[in-house]
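Asker: This is the structure I want to talk about, given as structure tokens.
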Amino acid sequence: FNKYHKLYMEIMKEIHEHKSKSIRSFTIEDLESGDGILANLGKLSGTDEDYKKAWNEAVEKYKNGETTLYGLVEESSLVANLYNKIFGDFIICSLPRNIIMAKLQNSKIDIASLQPVLDFSGLILMQALSVRFNLKFTKKFILPKSIETAIQNTLSAEKKGIPSFIEPKVLANLTIETSKGKLEESPFVSKLRSLLEWVTLNCSVESNKEILNHDTKDIVSVTHRMFLDSAMLTLNKNRVLISEDWVVSIMAYCPNNFCAMSATNWLALTRTDLLQEIDDYIFGLRYLGCEITSDHIFKIPFFFFFTKKQVLPVLVENIERFKPVSAVKEATIRLIDGRIFTPDITNFVLNIFISPLRQQDMLPIFFVKIIKQHLS
């Protein structure tokens with residue numbers, strides 16, 4: 001006892017004298033100094049203006065395909081954070097389906113002949129879609145052993161320790177399966193349990209033995225190591241990587257070498273059933289690069305205010321980036337023909353129609369004038 005008490009006192013002394021590199025002590029006077037209590041608490045919690053600026057810059061890099069999704073995921077609560085990213089307020093990016101189809105055609109890749117490999121994000125979304133839409137698969141998915149182990153460890157920790165935080169919106173967007181006799185489980189524990197059951201039923205779990213032949217000392221992130229396992233199990237093996245990290249989808253496709261795409265794009269290219277329902281669901285999650293139809297656009301002005309406020313900025317960004325011109329034109333004409341000229345609909349039509357024109361003249365400028373005349 002004396003030994004540990006002495007060590008404890010030494011540690012506390014270091015903290016008090018600010019000699020510790022990882023822990024700092026503070027007083028009420030410290031909190032009240034400088035910019036005030038709220039600003040200082042923000043710094044202590046890691047959510048001050050400097051943090052927000054760095055985070056926003058990282059998100060912009062992700063949206064531009066310059067950094068990976070996994071660089072924005074907290075490792076301390078990896079699985080919960082991935083669920084929060086994929087089904088919450090974070091904007092997941094993916095390449096539109098027409099671009100993926102063009103890449104496959106140019107590379108002469110037959111997607112139906114490739115065995116699918118799942119990374120962590122691909123697994124989470126594929127399982128969620130499978131449960132929600134009762135999808136059945138004839139071909140097994142390849143899953144790295146490291147990912148299965150991470151889920152097992154997370155499930156064990158959730159049952160014994162402090163539960164991870166799952167956003168209420170995420171739970172609303174997920175289908176939670178509760179096992180018989182497990183009614184006392186948290187929704188996240190139920191989801192982890194069903195995720196492992198789905199892996200057992202639909203996946204062939206493989207260890208990435210090839211990584212032993214490589215120097216990995218610079219890969220300190222467990223998250224990046226698991227992604228590397230998925231990528232290496234895909235390379236040169238007539239396989240396709242299913243991932244919601246769009247950085248790998250942007251990479252060039254090489255026949256019999258490497259090919260990657262999102263879960264919904266893979267489903268669209270390998271099966272046709274329930275495709276519209278799946279696209280509607282992903283549109284509701286506000287993915288950047290999701291399939292956008294004239295029906296999606298047409299319905300937005302009639303959404304409740306809060307829903308419209310969330311969906312509209314992502315829709316406009318989708319239109320600006322990927323220019324679904326046909327869908328925009330069809331929706332615009334339908335709204336004009338409807339003769340419901342409220343200020344909201346007028347502004348909405350002009351907003352979505354002008355979006356493709358902000359960077360280059362994708363549509364004739366005179367058509368905008370015609371719309372204004374119709375709506376005046």
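Residues are named by chain letter and number: chains run A, B, ... in the order of the structure tokens, numbers start at 1 in each chain, and ligands are numbered from 1 in the order shown.
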Skip Val248 of chain A itself and residues of its chain fewer than 6 positions away, then list as a ChimeraX atom specification all residues within 9 Å of it, counting only C-alpha atoms.
Answerer: /A:65,68,241,259-261
Asker: Those selected residues, please, written with N, CA and C atoms and delivered as a PDB file, in the first residue's frame.
Answerer:
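Full text of out33.pdb as output:
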ATOM      1  N   GLY A  65     -12.284  14.623 -51.500  1.00  0.00           N
ATOM      2  CA  GLY A  65     -11.580  13.382 -51.795  1.00  0.00           C
ATOM      3  C   GLY A  65     -10.106  13.424 -51.468  1.00  0.00           C
ATOM      4  N   THR A  68      -9.305  10.480 -45.975  1.00  0.00           N
ATOM      5  CA  THR A  68     -10.181   9.327 -45.793  1.00  0.00           C
ATOM      6  C   THR A  68     -11.228   9.563 -44.717  1.00  0.00           C
ATOM      7  N   LEU A 241     -14.005  -4.057 -53.485  1.00  0.00           N
ATOM      8  CA  LEU A 241     -14.084  -3.559 -52.113  1.00  0.00           C
ATOM      9  C   LEU A 241     -15.356  -2.724 -51.949  1.00  0.00           C
ATOM     10  N   CYS A 259     -10.767  -2.539 -57.440  1.00  0.00           N
ATOM     11  CA  CYS A 259     -12.031  -1.905 -57.778  1.00  0.00           C
ATOM     12  C   CYS A 259     -12.788  -1.683 -56.466  1.00  0.00           C
ATOM     13  N   ALA A 260     -13.383  -0.495 -56.283  1.00  0.00           N
ATOM     14  CA  ALA A 260     -14.084  -0.197 -55.028  1.00  0.00           C
ATOM     15  C   ALA A 260     -15.303   0.674 -55.308  1.00  0.00           C
ATOM     16  N   MET A 261     -16.340   0.493 -54.487  1.00  0.00           N
ATOM     17  CA  MET A 261     -17.562   1.285 -54.622  1.00  0.00           C
ATOM     18  C   MET A 261     -18.381   1.189 -53.343  1.00  0.00           C
TER      19      MET A 261
END
Asker: Near segment 282-297 of chain A, within 6 Å and counting only C-alpha atoms, which residues show up once chain neighbours fewer than 4 positions away are dropped, as a list of chain:residue names?
Answerer: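 Returned residues: A:Ile91, A:Ile92, A:Cys93, A:Ser94, A:Leu95, A:Pro96, A:Asn318, A:Ala327, A:Glu330, A:Ala331.
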Asker: Put those residues in a file: C-alpha atoms, as a short mmCIF file (atom, residue, chain, number, x, y, z; two decimals), in the first residue's frame.
Answerer:
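part09.cif, freshly written:
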data_model
loop_
_atom_site.label_atom_id
_atom_site.label_comp_id
_atom_site.auth_asym_id
_atom_site.auth_seq_id
_atom_site.Cartn_x
_atom_site.Cartn_y
_atom_site.Cartn_z
CA ILE A 91 -22.52 13.99 -44.67
CA ILE A 92 -21.18 10.74 -46.17
CA CYS A 93 -19.77 11.17 -49.70
CA SER A 94 -19.96 8.66 -52.53
CA LEU A 95 -19.43 8.68 -56.28
CA PRO A 96 -22.70 8.87 -58.25
CA ASN A 318 -25.36 17.46 -54.80
CA ALA A 327 -33.87 15.33 -62.66
CA GLU A 330 -38.18 17.40 -64.76
CA ALA A 331 -38.84 18.50 -61.17
#
Asker: Write out as a list in words the set of residues from segment 64-248 of chain A that DSSP, computed on the backbone, places in strand (DSSP E or B).
Answerer: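 Matching residues, listed in order: Cys93, Gln115, Pro116, Val117, Leu118, Phe141, Ile142, Leu143, Pro144, Cys203, Ser204, Val205, Glu206, Arg239, Val240, Leu241 and Ile242 of chain A.
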Asker: Restricting it to N, CA and C atoms, dump the selection as a PDB file, in the first residue's frame.
Answerer:
ATOM      1  N   CYS A  93     -19.946  10.906 -48.270  1.00  0.00           N
ATOM      2  CA  CYS A  93     -19.769  11.168 -49.701  1.00  0.00           C
ATOM      3  C   CYS A  93     -19.607   9.852 -50.468  1.00  0.00           C
ATOM      4  N   GLN A 115     -15.901 -11.082 -56.365  1.00  0.00           N
ATOM      5  CA  GLN A 115     -16.365 -11.382 -55.003  1.00  0.00           C
ATOM      6  C   GLN A 115     -16.227 -10.131 -54.142  1.00  0.00           C
ATOM      7  N   PRO A 116     -17.287  -9.768 -53.403  1.00  0.00           N
ATOM      8  CA  PRO A 116     -17.242  -8.527 -52.613  1.00  0.00           C
ATOM      9  C   PRO A 116     -16.480  -8.680 -51.296  1.00  0.00           C
ATOM     10  N   VAL A 117     -15.668  -7.676 -50.988  1.00  0.00           N
ATOM     11  CA  VAL A 117     -14.943  -7.572 -49.722  1.00  0.00           C
ATOM     12  C   VAL A 117     -15.494  -6.359 -48.975  1.00  0.00           C
ATOM     13  N   LEU A 118     -15.752  -6.504 -47.694  1.00  0.00           N
ATOM     14  CA  LEU A 118     -16.302  -5.415 -46.896  1.00  0.00           C
ATOM     15  C   LEU A 118     -15.238  -4.774 -46.017  1.00  0.00           C
ATOM     16  N   PHE A 141     -19.691 -12.513 -48.608  1.00  0.00           N
ATOM     17  CA  PHE A 141     -18.792 -11.360 -48.522  1.00  0.00           C
ATOM     18  C   PHE A 141     -17.517 -11.790 -47.797  1.00  0.00           C
ATOM     19  N   ILE A 142     -16.387 -11.218 -48.207  1.00  0.00           N
ATOM     20  CA  ILE A 142     -15.132 -11.430 -47.489  1.00  0.00           C
ATOM     21  C   ILE A 142     -15.012 -10.341 -46.421  1.00  0.00           C
ATOM     22  N   LEU A 143     -14.673 -10.733 -45.201  1.00  0.00           N
ATOM     23  CA  LEU A 143     -14.500  -9.772 -44.108  1.00  0.00           C
ATOM     24  C   LEU A 143     -13.195 -10.064 -43.377  1.00  0.00           C
ATOM     25  N   PRO A 144     -12.371  -9.042 -43.151  1.00  0.00           N
ATOM     26  CA  PRO A 144     -11.132  -9.265 -42.392  1.00  0.00           C
ATOM     27  C   PRO A 144     -11.428  -9.722 -40.965  1.00  0.00           C
ATOM     28  N   CYS A 203     -20.835 -13.866 -44.286  1.00  0.00           N
ATOM     29  CA  CYS A 203     -19.426 -13.538 -44.560  1.00  0.00           C
ATOM     30  C   CYS A 203     -18.500 -14.741 -44.404  1.00  0.00           C
ATOM     31  N   SER A 204     -17.449 -14.701 -45.189  1.00  0.00           N
ATOM     32  CA  SER A 204     -16.323 -15.606 -45.010  1.00  0.00           C
ATOM     33  C   SER A 204     -15.193 -14.775 -44.409  1.00  0.00           C
ATOM     34  N   VAL A 205     -14.844 -15.057 -43.162  1.00  0.00           N
ATOM     35  CA  VAL A 205     -13.862 -14.247 -42.439  1.00  0.00           C
ATOM     36  C   VAL A 205     -12.447 -14.731 -42.772  1.00  0.00           C
ATOM     37  N   GLU A 206     -11.595 -13.800 -43.197  1.00  0.00           N
ATOM     38  CA  GLU A 206     -10.226 -14.140 -43.586  1.00  0.00           C
ATOM     39  C   GLU A 206      -9.220 -13.287 -42.809  1.00  0.00           C
ATOM     40  N   ARG A 239     -11.629  -9.317 -56.900  1.00  0.00           N
ATOM     41  CA  ARG A 239     -12.601  -8.934 -55.885  1.00  0.00           C
ATOM     42  C   ARG A 239     -12.920  -7.444 -55.986  1.00  0.00           C
ATOM     43  N   VAL A 240     -14.000  -7.025 -55.331  1.00  0.00           N
ATOM     44  CA  VAL A 240     -14.387  -5.624 -55.284  1.00  0.00           C
ATOM     45  C   VAL A 240     -14.546  -5.211 -53.827  1.00  0.00           C
ATOM     46  N   LEU A 241     -14.005  -4.057 -53.485  1.00  0.00           N
ATOM     47  CA  LEU A 241     -14.084  -3.559 -52.113  1.00  0.00           C
ATOM     48  C   LEU A 241     -15.356  -2.724 -51.949  1.00  0.00           C
ATOM     49  N   ILE A 242     -16.175  -3.064 -50.946  1.00  0.00           N
ATOM     50  CA  ILE A 242     -17.393  -2.321 -50.628  1.00  0.00           C
ATOM     51  C   ILE A 242     -17.079  -1.424 -49.445  1.00  0.00           C
TER      52      ILE A 242
END
Asker: I'd like the neighbourhood of Val131 of chain A as a PyMOL selection string, where a residue qualifies if any of its atoms comes within 7 Å (using only C-alpha atoms), though same-chain residues fewer than 4 positions away should be ignored.
Answerer: chain A and resi 127+135+175
Asker: For atom CA of Ile162 of chain A and atom CA of Phe87 of chain A, determine how far apart the two atoms are, in Å to one decimal place.
Answerer: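 Separating atom CA of Ile162 of chain A from atom CA of Phe87 of chain A is a distance of 21.8 Å.
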Asker: For Pro187 of chain A, which residue out of A:Ala172, A:Leu201, A:Thr332, A:Glu210 is the nearest one, using only C-alpha atoms?
Answerer: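 With only C-alpha atoms as the atom set, the closest residue is A:Ala172.
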Asker: Where does DSSP see helix (DSSP H, G or I) in segment 129-375 of chain A, if you list the residues as a PyMOL selection string?
Answerer: chain A and resi 129-133+145-160+168-173+187-202+209-213+222-232+246-250+263-270+275-284+294-302+305-322+325-337+343-357+365-375
